[in-house]
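Here is protein-v5.txt, consisting of compact mmCIF, C-alpha atoms:
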# COMPACT_ATOMS: atom_id res chain seq x y z
CA MET A 27 0.00 0.00 0.00
CA THR A 28 2.52 2.55 -1.10
CA ASP A 29 -0.02 4.94 -2.67
CA GLY A 30 -2.13 5.25 0.47
CA GLY A 31 -5.13 3.67 -1.26
CA PRO A 32 -7.18 0.75 0.02
CA PRO A 33 -5.66 -2.73 -0.02
CA PRO A 34 -6.30 -4.76 -3.19
CA LEU A 35 -8.96 -6.89 -1.51
CA GLY A 36 -10.69 -8.08 -4.70
CA PRO A 37 -7.82 -9.94 -6.38
CA HIS A 38 -6.68 -11.30 -3.01
CA LEU A 39 -10.17 -12.58 -2.18
CA GLN A 40 -10.47 -14.20 -5.60
CA ARG A 41 -7.08 -15.90 -5.20
CA LEU A 42 -8.03 -17.22 -1.74
CA ARG A 43 -11.37 -18.48 -3.02
CA LYS A 44 -9.87 -20.24 -6.03
CA ASP A 45 -7.00 -21.70 -3.99
CA ARG A 46 -9.65 -23.40 -1.86
CA GLY A 47 -11.52 -24.65 -4.92
CA LEU A 48 -14.62 -22.58 -4.10
CA THR A 49 -17.05 -21.07 -6.58
CA LEU A 50 -18.72 -17.72 -5.99
CA ASP A 51 -21.86 -19.63 -5.05
CA ASP A 52 -19.93 -21.74 -2.52
CA LEU A 53 -18.41 -18.69 -0.81
CA ALA A 54 -21.75 -16.87 -0.89
CA ARG A 55 -23.41 -19.78 0.88
CA MET A 56 -20.60 -20.09 3.46
CA SER A 57 -20.37 -16.36 4.24
CA GLY A 58 -23.92 -15.11 3.80
CA VAL A 59 -22.65 -12.48 1.34
CA SER A 60 -24.55 -12.47 -1.95
CA ARG A 61 -22.95 -13.88 -5.09
CA SER A 62 -23.35 -10.55 -6.90
CA MET A 63 -21.66 -8.65 -4.03
CA LEU A 64 -18.77 -11.15 -4.05
CA SER A 65 -18.37 -10.72 -7.79
CA GLN A 66 -18.33 -6.92 -7.43
CA ILE A 67 -15.75 -7.09 -4.61
CA GLU A 68 -13.47 -9.39 -6.63
CA ARG A 69 -13.67 -7.02 -9.63
CA GLY A 70 -12.94 -4.00 -7.42
CA GLN A 71 -16.38 -2.51 -8.08
CA ALA A 72 -17.61 -2.58 -4.49
CA ASN A 73 -16.20 -1.43 -1.19
CA PRO A 74 -17.31 -3.99 1.41
CA THR A 75 -18.31 -3.06 4.92
CA VAL A 76 -16.39 -4.28 7.95
CA ALA A 77 -19.21 -6.74 8.59
CA THR A 78 -18.83 -8.16 5.07
CA VAL A 79 -15.06 -8.50 5.41
CA TRP A 80 -15.56 -10.20 8.79
CA ALA A 81 -18.07 -12.64 7.29
CA LEU A 82 -15.70 -13.50 4.43
CA ALA A 83 -12.75 -13.98 6.78
CA GLU A 84 -14.84 -16.26 9.01
CA ALA A 85 -16.00 -18.30 6.01
CA LEU A 86 -12.41 -18.70 4.78
CA HIS A 87 -11.13 -19.44 8.32
CA ILE A 88 -8.58 -16.63 8.25
CA GLU A 89 -8.04 -13.42 10.19
CA MET A 90 -9.51 -10.20 8.81
CA ALA A 91 -6.00 -8.72 8.62
CA ASP A 92 -4.94 -11.64 6.43
CA LEU A 93 -7.88 -11.08 4.11
CA LEU A 94 -7.09 -7.38 3.89
CA GLY A 95 -3.36 -7.95 3.55
CA VAL A 96 -2.72 -5.63 6.50
CA GLY A 97 0.73 -6.03 8.00
CA GLN A 98 1.93 -8.14 5.10
CA ARG A 99 5.16 -6.86 3.67
CA ALA A 100 6.74 -7.83 0.44
CA ALA A 101 9.28 -10.53 1.14
CA SER A 102 12.86 -9.35 1.08
CA PRO A 103 14.79 -10.87 -1.76
CA ARG A 104 17.08 -13.68 -0.71
CA ILE A 105 19.63 -12.48 -3.22
CA ALA A 106 20.63 -8.84 -2.83
CA LEU A 107 22.39 -7.38 -5.83
CA ALA A 108 24.72 -4.39 -5.82
CA SER A 109 25.40 -2.63 -9.09
CA ALA A 110 29.02 -2.00 -10.03
CA ALA A 111 28.09 1.66 -10.38
CA PHE A 112 27.22 1.77 -6.66
CA THR A 113 30.29 -0.11 -5.41
CA PRO A 114 32.35 2.39 -3.41
CA GLU A 115 36.05 2.65 -4.05
CA MET A 116 39.12 4.27 -2.55
CA ARG A 117 42.18 5.45 -4.49
CA SER A 118 45.71 6.13 -3.42
CA ASP A 119 46.87 9.76 -3.76
CA ASP A 120 48.83 8.92 -6.92
CA GLY A 121 45.85 7.01 -8.40
CA LEU A 122 47.90 3.84 -8.96
CA CYS A 123 46.01 1.79 -6.35
CA VAL A 124 42.25 1.29 -6.40
CA LEU A 125 40.32 -0.60 -3.71
CA LYS A 126 36.72 -1.43 -4.58
CA ILE A 127 34.82 -2.13 -1.37
CA LEU A 128 32.93 -5.40 -1.83
CA SER A 129 31.95 -6.06 1.78
CA PRO A 130 28.67 -4.73 3.20
CA ALA A 131 28.85 -1.71 5.49
CA GLU A 132 27.53 -3.66 8.49
CA ARG A 133 30.65 -5.91 8.41
CA VAL A 134 33.15 -3.05 8.89
CA GLY A 135 35.46 -3.86 11.74
CA SER A 136 34.94 -7.63 11.60
CA ILE A 137 35.59 -8.69 8.01
CA GLU A 138 36.16 -6.53 4.96
CA TRP A 139 36.96 -7.56 1.41
CA TYR A 140 38.13 -5.60 -1.58
CA ASP A 141 38.86 -5.90 -5.27
CA LEU A 142 42.40 -4.45 -5.35
CA ARG A 143 43.98 -3.17 -8.53
CA ILE A 144 47.50 -1.84 -8.50
CA ALA A 145 49.01 -0.31 -11.61
CA ARG A 146 52.64 -0.96 -12.47
CA GLY A 147 54.79 0.92 -9.96
CA GLY A 148 51.97 1.36 -7.43
CA VAL A 149 52.38 0.79 -3.69
CA LEU A 150 49.59 0.49 -1.13
CA ARG A 151 51.03 1.32 2.31
CA SER A 152 49.01 0.64 5.44
CA ALA A 153 49.54 1.52 9.07
CA ALA A 154 48.91 -1.18 11.65
CA HIS A 155 45.27 -2.22 11.91
CA ALA A 156 43.54 -3.47 15.08
CA ARG A 157 45.46 -5.91 17.27
CA GLY A 158 45.21 -9.49 15.99
CA SER A 159 43.97 -8.51 12.52
CA MET A 160 45.10 -10.47 9.47
CA GLU A 161 45.04 -9.84 5.74
CA HIS A 162 44.56 -12.45 3.05
CA LEU A 163 45.70 -11.41 -0.43
CA THR A 164 44.89 -13.61 -3.44
CA VAL A 165 46.46 -12.47 -6.70
CA ILE A 166 44.06 -12.85 -9.61
CA ALA A 167 46.24 -11.32 -12.32
CA GLY A 168 49.88 -10.23 -12.39
CA ARG A 169 52.19 -10.45 -9.40
CA LEU A 170 52.55 -8.45 -6.19
CA ILE A 171 55.06 -8.01 -3.40
CA VAL A 172 53.82 -8.11 0.21
CA GLU A 173 55.82 -6.65 3.08
CA ALA A 174 54.75 -7.15 6.69
CA GLY A 175 57.21 -5.93 9.29
CA ASP A 176 60.67 -6.99 8.12
CA GLU A 177 59.45 -9.85 5.87
CA ARG A 178 58.93 -9.61 2.14
CA SER A 179 57.30 -12.17 -0.22
CA GLU A 180 56.49 -12.34 -3.91
CA VAL A 181 52.88 -13.40 -4.55
CA LEU A 182 52.31 -14.82 -8.02
CA GLU A 183 49.04 -15.15 -9.91
CA GLY A 184 46.79 -17.72 -8.17
CA MET A 185 48.73 -17.58 -4.90
CA THR A 186 47.39 -16.36 -1.55
CA ALA A 187 49.48 -14.57 1.06
CA ARG A 188 48.30 -14.43 4.68
CA TYR A 189 50.05 -12.02 7.01
CA PRO A 190 49.53 -9.98 10.17
CA ALA A 191 47.92 -6.61 9.55
CA ASP A 192 48.44 -5.32 13.08
CA ILE A 193 51.90 -4.12 12.04
CA PRO A 194 52.78 -1.68 9.24
CA HIS A 195 52.52 -3.47 5.89
CA CYS A 196 52.39 -2.77 2.18
CA ILE A 197 51.45 -4.32 -1.13
CA ALA A 198 53.49 -3.26 -4.16
CA ASN A 199 53.46 -3.91 -7.87
CA ASP A 200 57.02 -3.82 -9.20
CA GLY A 201 56.12 -6.01 -12.18
CA GLU A 202 55.77 -5.17 -15.86
CA SER A 203 51.95 -5.14 -15.92
CA ASP A 204 49.00 -4.07 -13.78
CA ALA A 205 47.88 -6.50 -11.08
CA GLN A 206 44.53 -7.45 -9.58
CA ALA A 207 43.89 -9.20 -6.27
CA LEU A 208 41.19 -10.01 -3.75
CA LEU A 209 42.09 -8.56 -0.36
CA VAL A 210 40.30 -9.75 2.79
CA ASN A 211 40.84 -8.14 6.19
CA LEU A 212 39.86 -10.11 9.30
CA PHE A 213 39.72 -8.15 12.56
As structure tokens, how would this structure be written, given the file I've shared?
Amino acid sequence: MTDGGPPPLGPHLQRLRKDRGLTLDDLARMSGVSRSMLSQIERGQANPTVATVWALAEALHIEMADLLGVGQRAASPRIALASAAFTPEMRSDDGLCVLKILSPAERVGSIEWYDLRIARGGVLRSAAHARGSMEHLTVIAGRLIVEAGDERSEVLEGMTARYPADIPHCIANDGESDAQALLVNLF
């Protein structure tokens, strides 16, 4: 009921009646509402009284609110889609590193994941994150260098590096081509 108008009682009543295998005559006999009135209600040509709605609900063995559709909300989709155009991103000052934020906002501070793209020569430097946090970097294309503390590792396409993120760390592309990775932060 987004337009503020009355609930679509007619089509709902007709669907309930047919789902139960009832004819207009059957429902008229069960409810005491005339066949012609039922037909008009189903076609949206009549506005039934409260007494009529009550009689129909009783005959169908449902609550009046269920007949009217009051309190029923459209079911939330099980699959929520986010358009690429509405995926937020962050860029390094030099524009060589782009992080597209793939994780939902309500997960910030527990788990975050990003589509990371680093152009040739780009470096993504990070200060220490929360104590105990870890990063997981999976290279999808190209190769990257990960530094965490005083350790340094080359991460080739298809490889995953896991390292502490509660110390200063960086991800660099010193290769000949741009690189893409999936970066997951666990806090």
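The two atoms in question, atom CA of Leu128 of chain A and atom CA of Tyr140 of chain A, are spaced 5.2 Å apart.
The space separating atom CA of Ser159 of chain A from atom CA of Asp200 of chain A comes to 25.8 Å.
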* **Proximity to Asp92 of chain A - best of A:Leu142, A:Leu39, A:Val124, A:Ile197, all atoms listed in the file** =>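 Result for the nearest residue to Asp92 of chain A: A:Leu39.
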Could you check the closest approach to Ala207 of chain A for each of A:Arg117, A:Arg55, A:Arg133, A:Arg169 and tell me which residue wins, using only C-alpha atoms?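 The closest residue to Ala207 of chain A is A:Arg169.
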Using all atoms of segment 173-188 of chain A listed in the file and a margin of 8 Å per side, can you give the axis-aligned box centre and edge lengths in Å to one decimal, as AutoDock Vina command-line options?
--center_x 53.7 --center_y -11.8 --center_z -0.3 --size_x 29.9 --size_y 27.8 --size_z 35.2
When distances are computed from all atoms listed in the file, which of A:Asp119, A:His87, A:Ile127, A:Val76 shows the smallest separation from Arg46 of chain A?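 With all atoms listed in the file as the atom set, the closest residue is A:His87.
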